[in-house]
Amino acid sequence: MKRLFNFCAGPAAMPTAVLQKAQEELLNYQDLGMSVMEMSHRSTHYIEIASRAEQHLRQLMNIGDDYTVLFLQGGASLQFAGVPLNLLSGTADYLETGAWSKKAYQEAKRYDMLGTVNLVASGQDGHYTDVPDVGTWQVNDQADYFHYCSNETIHGVQITCPPKLDVPLVVDMSSDILSRPINVNDFGMIYAGAQKNIGPAGLTLVIIQKSLLGRAAAICPSVMNYSTQAAADSMLNTPASYAWYLAGLVFEWLLAQGGVETIAKLNQQKATLLYQAIDNSDFYDNRVKKHCRSLMNVPFQLADSTLEPLFLEQAQQAGLLNLQGHRAVGGMRASLYNAIGLDAVQALVSFMADFEKRYG
Ligand SMILES: *Cc1c(COP(=O)(O)O)cnc(C)c1O
């Protein structure tokens, strides 16, 4: 059986070792005679799986007791509504650096009966190739929160250094959570859909400072209410139980790799290799400003865009899958999440050099 190199942006590649472990345990989990996906989420065995996953995540990210960790459903997109429904009562600030933070802003705008939703700056005029200069941001130091996206999965723009502001930072970390060390204490709330760097689709993590709980609007649906879910250990209703279990296996795998510090070094190495290949050639191009280039999602174009379908076709034949760019930006995109090894990037870079030799 051959697994190919899958550069999909999401749902993305999972570590093979995790899939093997899940396969071993699929039919009969620890001699219980059933699969994890067939277990009651109220059973002792399942609660053990769920809380172990949380403990491992806390260990990986060094999450303190003053933060609640929630395992929810609905994807990051539901949190675009969940954030204002739980936290907006006066004003909220939004920074727009790409398609996802724009969606988050637009969704929050729908709840402007709860408060004022303010766009502090947008990178749209520059086609999201740069983060707007901090000096131009129209921030409100009384805002309930400041929202941004740490890694724009479509445009390949990453903000590694959290803005220094006096209001709670709320960050969409869907595509770079666990890819590098962060200080959780810098944030009021972190959220992430699982299908990029955590596990399968269907699970969404929310990590929130306990002092921000208890502020939800009356109209907030109970399953979206962070306080209610915190009180119910994320089991107000049936959770995405199998996805939660698989996320737990990914956390164990990541700890065995040496944790976030170790994987961050590898991620840096992978991205450097690919950006160097792009920058050292006139045949390939990445338009994002170097200071904010994403280490996770690398969009690139061919100088001659008519060659792009051929590039994608031949890449696929070479076992390099899902390199097409998002339909909003076109071109190519390689997603280099934790489960992508250096060997995958080496194979991609050598394919690119070979393709350039033949068509450049
Ligand atoms: C994928 C992604 C989303 C949307 O996730 P869903 O789970 O499909 O709702 C939001 N934000 C970022 C940064 C993403 O990468």
# chains A, B, ... in the order shown; residues from 1 in each chain; ligands from 1
$ residues_near_ligand --ligand "ligand 1" --cutoff "10 Å" --atoms "only C-alpha atoms and all ligand atoms" --output "VMD selection string"
chain A and resid 9 to 11 73 to 80 98 to 104 148 to 154 158 171 to 177 191 to 197 201 to 204 297
$ residues_around --residues "Ala216 of chain A" --least-positions-apart "3" --cutoff "8 Å" --atoms "only C-alpha atoms" --output "PyMOL selection string"
chain A and resi 85-88+213+220+225-226
$ write_last_selection --atoms "N, CA and C atoms" --output "PDB file, in the first residue's frame"
ATOM      1  N   LEU A  85     -21.517  36.354  19.418  1.00  0.00           N
ATOM      2  CA  LEU A  85     -22.638  35.940  20.274  1.00  0.00           C
ATOM      3  C   LEU A  85     -22.203  35.753  21.719  1.00  0.00           C
ATOM      4  N   ASN A  86     -20.939  35.395  21.930  1.00  0.00           N
ATOM      5  CA  ASN A  86     -20.445  35.181  23.288  1.00  0.00           C
ATOM      6  C   ASN A  86     -19.733  36.386  23.887  1.00  0.00           C
ATOM      7  N   LEU A  87     -19.210  37.259  23.031  1.00  0.00           N
ATOM      8  CA  LEU A  87     -18.304  38.281  23.578  1.00  0.00           C
ATOM      9  C   LEU A  87     -18.666  39.719  23.247  1.00  0.00           C
ATOM     10  N   LEU A  88     -19.575  39.917  22.293  1.00  0.00           N
ATOM     11  CA  LEU A  88     -19.852  41.294  21.863  1.00  0.00           C
ATOM     12  C   LEU A  88     -20.984  41.918  22.667  1.00  0.00           C
ATOM     13  N   LEU A 213     -15.762  34.046  30.135  1.00  0.00           N
ATOM     14  CA  LEU A 213     -17.004  33.267  30.119  1.00  0.00           C
ATOM     15  C   LEU A 213     -18.125  34.068  30.789  1.00  0.00           C
ATOM     16  N   CYS A 220     -27.864  33.752  22.159  1.00  0.00           N
ATOM     17  CA  CYS A 220     -26.829  32.771  21.777  1.00  0.00           C
ATOM     18  C   CYS A 220     -27.362  31.349  21.961  1.00  0.00           C
ATOM     19  N   ASN A 225     -22.852  28.397  23.350  1.00  0.00           N
ATOM     20  CA  ASN A 225     -22.525  29.210  24.517  1.00  0.00           C
ATOM     21  C   ASN A 225     -21.316  28.603  25.246  1.00  0.00           C
ATOM     22  N   TYR A 226     -20.217  29.347  25.284  1.00  0.00           N
ATOM     23  CA  TYR A 226     -18.978  28.801  25.848  1.00  0.00           C
ATOM     24  C   TYR A 226     -19.129  28.430  27.328  1.00  0.00           C
TER      25      TYR A 226
END
$ residues_around --residues "Ile47 of chain A" --least-positions-apart "6" --cutoff "12 Å" --atoms "only C-alpha atoms" --output "list in words"
Val36, Met39, Ser40, His41, Ala53, Glu54, Asp233, Ser234, Met235, Pro239, Ser241, Trp244 and Tyr245 of chain A
$ write_last_selection --atoms "C-alpha atoms" --output "short mmCIF file (atom, residue, chain, number, x, y, z; two decimals), in the first residue's frame"
data_model
loop_
_atom_site.label_atom_id
_atom_site.label_comp_id
_atom_site.auth_asym_id
_atom_site.auth_seq_id
_atom_site.Cartn_x
_atom_site.Cartn_y
_atom_site.Cartn_z
CA VAL A 36 -14.89 4.19 19.78
CA MET A 39 -19.50 4.18 22.43
CA SER A 40 -21.75 6.31 24.55
CA HIS A 41 -20.10 9.67 25.06
CA ALA A 53 -7.01 14.30 24.68
CA GLU A 54 -7.56 17.54 26.57
CA ASP A 233 -17.35 19.53 29.57
CA SER A 234 -18.23 20.14 25.88
CA MET A 235 -20.96 17.50 26.11
CA PRO A 239 -19.90 15.76 20.68
CA SER A 241 -16.81 11.77 19.51
CA TRP A 244 -12.23 13.98 19.25
CA TYR A 245 -10.63 10.53 19.75
#
$ select_by_dssp --residues "segment 198-349 of chain A" --states "alpha helix (DSSP H)" --output "NGL selection string"
:A and (226-231 or 241-257 or 259-279 or 308-317 or 342-349)
$ select_by_dssp --residues "segment 172-336 of chain A" --states "strand (DSSP E or B)" --output "list in words"
Asp172, Met189, Ile190, Tyr191, Ala192, Gly193, Thr204, Leu205, Val206, Ile207, Ile208, Gln209, Tyr284, Asp285, Arg293, Asn297, Val298, Pro299, Phe300, Gln301, Leu302, Leu320, Leu321, Gln324, Met332, Arg333, Ala334 and Ser335 of chain A
